[in-house]
$ cat upload.csv   # CSV, C-alpha atoms and all ligand atoms
chain,number,residue,atom,x,y,z
A,955,MET,CA,-42.0,-8.4,-12.4
A,956,ALA,CA,-43.4,-5.0,-11.6
A,957,GLN,CA,-40.8,-2.2,-11.7
A,958,ILE,CA,-40.7,1.4,-10.9
A,959,LYS,CA,-40.7,3.6,-14.1
A,960,SER,CA,-38.1,6.1,-12.8
A,961,VAL,CA,-35.8,6.1,-9.8
A,962,LEU,CA,-37.2,9.5,-8.9
A,963,LEU,CA,-40.4,8.9,-6.9
A,964,TRP,CA,-42.2,12.0,-8.1
A,965,GLU,CA,-41.9,10.9,-11.8
A,966,ASN,CA,-43.8,7.7,-11.2
A,967,GLN,CA,-47.5,7.2,-11.4
A,968,ARG,CA,-48.9,5.5,-8.3
A,969,ARG,CA,-49.4,2.2,-10.0
A,970,TYR,CA,-45.6,1.7,-10.5
A,971,ILE,CA,-44.8,2.4,-6.9
A,972,ARG,CA,-47.7,0.3,-5.6
A,973,GLU,CA,-46.9,-2.7,-7.7
A,974,ALA,CA,-43.1,-2.6,-7.1
A,975,ILE,CA,-43.6,-2.5,-3.4
A,976,ASP,CA,-46.3,-5.2,-3.4
A,977,GLU,CA,-44.1,-7.5,-5.5
A,978,GLY,CA,-41.1,-6.8,-3.4
A,979,THR,CA,-38.9,-5.3,-6.2
A,980,LEU,CA,-38.7,-2.0,-4.5
A,981,LYS,CA,-36.7,-2.5,-1.3
A,982,GLY,CA,-35.2,0.8,-0.3
A,983,ALA,CA,-35.5,4.6,-0.5
A,984,ILE,CA,-33.0,7.4,-0.5
A,985,ILE,CA,-34.1,10.8,1.0
A,986,PRO,CA,-31.8,13.6,-0.3
A,987,THR,CA,-31.4,16.5,2.1
A,988,GLY,CA,-29.9,19.9,1.0
A,989,SER,CA,-30.5,23.6,1.4
A,990,THR,CA,-31.4,26.7,-0.4
A,991,GLU,CA,-28.7,29.1,0.8
A,992,GLN,CA,-25.9,31.5,-0.3
A,993,HIS,CA,-23.1,29.8,-2.2
A,994,ASN,CA,-20.7,32.8,-2.5
A,995,GLU,CA,-20.8,35.1,-5.5
A,996,HIS,CA,-20.7,32.5,-8.3
A,997,LEU,CA,-22.6,29.4,-7.4
A,998,ALA,CA,-26.4,28.9,-7.4
A,999,MET,CA,-28.3,28.7,-4.1
A,1000,TYR,CA,-29.7,25.3,-4.9
A,1001,HIS,CA,-26.4,23.6,-5.0
A,1002,ASP,CA,-26.6,21.4,-1.9
A,1003,THR,CA,-30.0,20.1,-2.8
A,1004,GLN,CA,-29.2,19.5,-6.4
A,1005,SER,CA,-25.9,17.8,-5.7
A,1006,ALA,CA,-27.5,15.4,-3.1
A,1007,VAL,CA,-30.3,14.6,-5.6
A,1008,TYR,CA,-27.7,14.1,-8.4
A,1009,VAL,CA,-25.6,11.6,-6.4
A,1010,SER,CA,-28.7,9.8,-5.1
A,1011,LYS,CA,-30.2,9.5,-8.5
A,1012,LEU,CA,-27.1,8.0,-10.1
A,1013,ALA,CA,-26.6,5.6,-7.1
A,1014,ALA,CA,-30.3,4.5,-7.3
A,1015,GLU,CA,-29.8,3.9,-11.1
A,1016,LYS,CA,-27.0,1.5,-10.3
A,1017,LEU,CA,-29.4,-0.5,-8.2
A,1018,TYR,CA,-32.4,-0.2,-10.5
A,1019,PRO,CA,-35.2,-1.2,-9.9
A,1020,ASN,CA,-34.7,-1.8,-6.1
A,1021,VAL,CA,-34.2,1.8,-4.9
A,1022,VAL,CA,-36.3,4.9,-5.3
A,1023,VAL,CA,-35.3,8.5,-4.5
A,1024,THR,CA,-37.9,10.6,-2.7
A,1025,THR,CA,-38.6,14.3,-3.1
A,1026,PRO,CA,-35.7,16.1,-1.5
A,1027,LEU,CA,-35.8,18.3,1.6
A,1028,ALA,CA,-34.7,21.4,-0.3
A,1029,ILE,CA,-34.6,23.8,2.6
A,1030,GLY,CA,-32.2,22.9,5.4
A,1031,VAL,CA,-30.8,24.3,8.6
A,1032,SER,CA,-28.9,27.4,7.5
A,1033,GLU,CA,-29.2,30.0,10.3
A,1034,HIS,CA,-25.4,30.6,10.0
A,1035,TRP,CA,-25.8,32.0,6.5
A,1036,MET,CA,-28.7,34.4,7.2
A,1037,ASP,CA,-26.3,37.4,6.7
A,1038,HIS,CA,-26.7,36.6,3.0
A,1039,LYS,CA,-29.9,37.6,1.4
A,1040,GLY,CA,-31.8,34.8,-0.3
A,1041,THR,CA,-30.8,32.1,2.2
A,1042,LEU,CA,-33.8,30.1,3.5
A,1043,THR,CA,-33.6,28.3,6.9
A,1044,LEU,CA,-35.7,26.0,8.9
A,1045,ARG,CA,-35.4,25.7,12.7
A,1046,PRO,CA,-33.5,22.4,13.5
A,1047,GLU,CA,-36.6,20.9,15.2
A,1048,VAL,CA,-38.8,21.7,12.2
A,1049,PHE,CA,-36.2,20.2,9.8
A,1050,GLY,CA,-35.9,17.1,12.0
A,1051,GLU,CA,-39.7,16.6,12.1
A,1052,VAL,CA,-40.2,17.1,8.4
A,1053,LEU,CA,-37.4,14.6,7.7
A,1054,TYR,CA,-39.0,12.1,10.1
A,1055,ASP,CA,-42.4,12.5,8.4
A,1056,VAL,CA,-40.9,11.8,5.0
A,1057,ALA,CA,-39.2,8.6,6.3
A,1058,ASP,CA,-42.4,7.6,8.1
A,1059,SER,CA,-44.4,8.0,4.9
A,1060,MET,CA,-42.1,5.5,3.1
A,1061,ARG,CA,-42.2,3.2,6.1
A,1062,ARG,CA,-46.0,3.2,6.1
A,1063,HIS,CA,-45.9,2.1,2.5
A,1064,GLY,CA,-43.7,-0.8,3.4
A,1065,ILE,CA,-40.2,0.4,2.8
A,1066,LYS,CA,-37.9,-0.9,5.5
A,1067,ASN,CA,-34.5,0.5,4.3
A,1068,ILE,CA,-34.0,4.2,4.1
A,1069,LEU,CA,-30.7,6.1,3.5
A,1070,ILE,CA,-30.7,9.8,4.0
A,1071,VAL,CA,-28.1,11.3,1.6
A,1072,ASN,CA,-27.1,14.8,2.7
A,1073,GLY,CA,-25.6,17.7,0.8
A,1074,HIS,CA,-25.5,20.4,3.4
A,1075,ALA,CA,-23.2,20.3,6.5
A,1076,GLY,CA,-25.6,22.4,8.6
A,1077,ASN,CA,-28.2,19.6,8.6
A,1078,SER,CA,-25.8,17.0,10.2
A,1079,GLY,CA,-25.9,18.1,13.8
A,1080,PRO,CA,-29.7,18.3,14.0
A,1081,VAL,CA,-30.1,14.9,12.2
A,1082,MET,CA,-27.4,13.1,14.2
A,1083,GLN,CA,-29.1,14.3,17.4
A,1084,ARG,CA,-32.3,12.6,16.3
A,1085,LEU,CA,-31.2,9.6,14.4
A,1086,ASP,CA,-31.4,7.1,17.3
A,1087,GLY,CA,-34.9,8.4,18.0
A,1088,TYR,CA,-35.9,7.9,14.4
A,1089,LYS,CA,-34.6,4.3,14.5
A,1090,GLU,CA,-36.5,3.6,17.7
A,1091,LYS,CA,-39.8,5.1,16.6
A,1092,LEU,CA,-39.8,3.9,13.0
A,1093,GLY,CA,-38.4,0.4,13.8
A,1094,ILE,CA,-36.7,0.2,10.4
A,1095,ASN,CA,-33.2,0.3,8.9
A,1096,ILE,CA,-32.4,4.0,8.6
A,1097,GLU,CA,-29.0,5.7,8.1
A,1098,TYR,CA,-27.7,9.1,7.5
A,1099,HIS,CA,-24.6,10.1,5.5
A,1100,SER,CA,-23.3,13.3,3.8
A,1101,TYR,CA,-22.1,12.1,0.4
A,1102,TRP,CA,-18.6,13.6,0.9
A,1103,GLU,CA,-18.0,11.0,3.6
A,1104,ALA,CA,-17.0,8.9,0.5
A,1105,TYR,CA,-13.8,10.9,0.2
A,1106,SER,CA,-10.5,9.7,1.7
A,1107,GLY,CA,-7.9,12.2,2.8
A,1108,GLU,CA,-5.7,10.9,0.0
A,1109,LEU,CA,-8.3,11.5,-2.7
A,1110,VAL,CA,-8.9,15.1,-1.5
A,1111,LYS,CA,-5.1,15.7,-1.6
A,1112,GLU,CA,-4.9,14.3,-5.0
A,1113,GLN,CA,-7.9,16.1,-6.6
A,1114,MET,CA,-8.3,19.3,-4.6
A,1115,GLU,CA,-5.5,21.9,-5.1
A,1116,SER,CA,-6.8,23.8,-2.1
A,1117,GLY,CA,-6.8,20.7,0.0
A,1118,VAL,CA,-10.3,21.7,1.2
A,1119,CYS,CA,-13.3,19.4,1.0
A,1120,PRO,CA,-16.2,20.0,1.2
A,1121,GLY,CA,-15.6,23.6,2.2
A,1122,HIS,CA,-18.4,25.9,1.1
A,1123,ALA,CA,-18.9,27.0,-2.5
A,1124,ALA,CA,-15.1,26.5,-2.8
A,1125,GLU,CA,-13.1,24.3,-5.1
A,1126,PHE,CA,-15.0,21.1,-4.4
A,1127,GLU,CA,-18.6,22.3,-4.8
A,1128,THR,CA,-17.7,24.4,-7.8
A,1129,ALA,CA,-16.0,21.5,-9.5
A,1130,PHE,CA,-19.1,19.3,-8.8
A,1131,ALA,CA,-21.3,21.9,-10.3
A,1132,LEU,CA,-19.1,22.3,-13.4
A,1133,ALA,CA,-19.3,18.6,-14.0
A,1134,ALA,CA,-23.0,18.1,-13.2
A,1135,PHE,CA,-24.9,21.4,-13.8
A,1136,PRO,CA,-22.5,24.0,-15.2
A,1137,ASP,CA,-25.2,26.6,-15.6
A,1138,ASN,CA,-25.1,27.0,-11.8
A,1139,VAL,CA,-21.6,28.5,-12.0
A,1140,ASP,CA,-21.8,32.1,-13.0
A,1141,TRP,CA,-18.7,34.3,-12.8
A,1142,ASN,CA,-20.2,37.0,-15.0
A,1143,GLY,CA,-19.7,40.3,-13.3
A,1144,VAL,CA,-18.3,38.9,-10.1
A,1145,ASP,CA,-16.1,41.4,-8.3
A,1146,TYR,CA,-15.5,40.2,-4.8
A,1147,ASP,CA,-13.6,43.2,-3.6
A,1148,THR,CA,-16.2,45.7,-4.4
A,1149,ALA,CA,-19.2,43.5,-3.4
A,1150,LYS,CA,-21.2,45.0,-0.5
A,1151,LEU,CA,-21.1,42.0,1.8
A,1152,THR,CA,-22.4,42.3,5.3
A,1153,ILE,CA,-20.8,39.4,7.1
A,1154,SER,CA,-21.0,40.0,10.8
A,1155,ASP,CA,-18.8,37.2,11.9
A,1156,GLU,CA,-15.1,37.9,11.4
A,1157,GLY,CA,-14.1,34.2,10.9
A,1158,GLN,CA,-16.9,33.8,8.4
A,1159,ALA,CA,-15.8,36.9,6.5
A,1160,LYS,CA,-12.3,35.5,6.3
A,1161,SER,CA,-13.3,32.0,5.1
A,1162,ASP,CA,-15.8,33.5,2.6
A,1163,ARG,CA,-13.0,35.3,0.9
A,1164,GLU,CA,-10.8,32.2,1.0
A,1165,TYR,CA,-13.5,30.0,-0.5
A,1166,HIS,CA,-14.1,32.6,-3.2
A,1167,HIS,CA,-10.5,32.3,-4.3
A,1168,GLN,CA,-10.4,28.5,-3.9
A,1169,ALA,CA,-13.4,28.2,-6.1
A,1170,LYS,CA,-11.4,29.4,-9.1
A,1171,LEU,CA,-9.3,26.2,-8.9
A,1172,ALA,CA,-12.3,24.1,-9.8
A,1173,THR,CA,-12.4,22.1,-13.0
A,1174,THR,CA,-15.0,19.9,-14.7
A,1175,GLU,CA,-12.5,17.0,-14.6
A,1176,LYS,CA,-12.0,17.1,-10.8
A,1177,GLY,CA,-15.7,17.4,-10.3
A,1178,GLN,CA,-16.4,14.3,-12.4
A,1179,VAL,CA,-13.8,12.2,-10.4
A,1180,MET,CA,-15.4,13.3,-7.1
A,1181,ILE,CA,-19.0,12.6,-8.4
A,1182,ASP,CA,-18.0,9.1,-9.5
A,1183,VAL,CA,-16.5,8.2,-6.2
A,1184,ALA,CA,-19.5,9.6,-4.2
A,1185,VAL,CA,-22.0,7.7,-6.5
A,1186,GLU,CA,-20.2,4.4,-6.0
A,1187,TRP,CA,-20.0,4.9,-2.3
A,1188,VAL,CA,-23.7,5.8,-1.8
A,1189,ALA,CA,-24.7,2.9,-4.1
A,1190,GLU,CA,-22.7,0.5,-1.9
A,1191,LYS,CA,-24.3,1.9,1.3
A,1192,ILE,CA,-27.8,1.3,0.1
A,1193,ARG,CA,-26.8,-2.0,-1.5
A,1194,GLN,CA,-25.7,-3.3,1.9
A,1195,MET,CA,-28.8,-1.9,3.5
A,1196,ILE,CA,-31.2,-3.8,1.2
A,1197,ALA,CA,-29.1,-7.0,1.1
A,1201,ZN,ZN,-22.9,23.9,-0.4

$ encode --input "upload.csv" --output "structure tokens"
Amino acid sequence: MAQIKSVLLWENQRRYIREAIDEGTLKGAIIPTGSTEQHNEHLAMYHDTQSAVYVSKLAAEKLYPNVVVTTPLAIGVSEHWMDHKGTLTLRPEVFGEVLYDVADSMRRHGIKNILIVNGHAGNSGPVMQRLDGYKEKLGINIEYHSYWEAYSGELVKEQMESGVCPGHAAEFETAFALAAFPDNVDWNGVDYDTAKLTISDEGQAKSDREYHHQAKLATTEKGQVMIDVAVEWVAEKIRQMIA
């Protein structure tokens, strides 16, 4: 039986994808969506994209060789963080159309089950507004979930000292990064109180400071627990879709 070589679409040569689709071993695709945006003073801008890809990849590996992960949408809808230099943002309608085209590409190749696995909260409104339209136009099984939907209130209480999840670059995301890609966490030279921040919204300025302090509660162990739960949950979602 023909099999994909890697669960990451972009690592395959065309023959692996073609043969796996033609022989019916490849049944579903995950499209990770994230962002490139400020993640407070200590966390890399790529976090949301990298975490969505990380969860998607491990979930797809559990279902190997039936599921492939497409190239992620690495820029999301992040207008609300444009006070912070470096943040990239797409207009909601542009993001929605790009996401549609990626899903449509996979549909045209014969994939009938697509799970969008999101890592950036700002993408959810724009996608949820369009999801019924996607379903109607594509005529396939397509769903959208942020991977932290996997977490019960109980689990958050148990694992997150701050009680906050997902938050933004706070305890949860920092713990995830410590467990999955620790180089993204850089406290070197961070001095929040003297940093020249220009946050125009008062509420955001307040939560930014809170998140900064909550992030210090993060540990690798907590991150690993949260990752394992998310991977299992996403794997089960796509397993049900392709069944
Ligand atoms: Zn984030």

$ atom_distance --input "upload.csv" --atom1 "atom CA of A:His1034" --atom2 "atom CA of A:Asn994"
13.5 Å

$ closest_atom_pairs --input "upload.csv" --of "chain A" --to "ligand ZN 1201 (chain A)" --cutoff "8 Å" --atoms "only C-alpha atoms and all ligand atoms" --output "Markdown table"
| residue | atom | partner | partner_atom | distance |
| --- | --- | --- | --- | --- |
| A:Ser989 | CA | A:ZN1201 | ZN | 7.8 |
| A:Glu991 | CA | A:ZN1201 | ZN | 7.9 |
| A:His993 | CA | A:ZN1201 | ZN | 6.2 |
| A:His1001 | CA | A:ZN1201 | ZN | 5.8 |
| A:Asp1002 | CA | A:ZN1201 | ZN | 4.7 |
| A:Gly1073 | CA | A:ZN1201 | ZN | 6.9 |
| A:His1074 | CA | A:ZN1201 | ZN | 5.8 |
| A:Ala1075 | CA | A:ZN1201 | ZN | 7.8 |
| A:Pro1120 | CA | A:ZN1201 | ZN | 7.9 |
| A:Gly1121 | CA | A:ZN1201 | ZN | 7.8 |
| A:His1122 | CA | A:ZN1201 | ZN | 5.1 |
| A:Ala1123 | CA | A:ZN1201 | ZN | 5.5 |
| A:Glu1127 | CA | A:ZN1201 | ZN | 6.4 |

$ residues_around --input "upload.csv" --residues "A:Val1052" --least-positions-apart "3" --cutoff "12 Å" --atoms "only C-alpha atoms" --output "list in words"
Ile985, Thr987, Thr1025, Pro1026, Leu1027, Ala1028, Ile1029, Gly1030, Val1031, Leu1044, Arg1045, Pro1046, Glu1047, Val1048, Phe1049, Asp1055, Val1056, Ala1057, Asp1058, Ser1059, Pro1080, Val1081 and Tyr1088 of chain A

$ closest_residue --input "upload.csv" --among "A:Tyr1000, A:Glu995, A:Arg1061, A:Trp1141" --to "A:Lys981" --atoms "only C-alpha atoms"
A:Arg1061

$ residues_around --input "upload.csv" --residues "stretch 1177-1188 of chain A" --least-positions-apart "5" --cutoff "8 Å" --atoms "only C-alpha atoms" --output "PyMOL selection string"
chain A and resi 1009-1010+1012-1013+1071+1101-1102+1104-1105+1126-1134+1172

$ atom_distance --input "upload.csv" --atom1 "atom CA of A:Asp1162" --atom2 "atom CA of A:Met1082"
26.2 Å
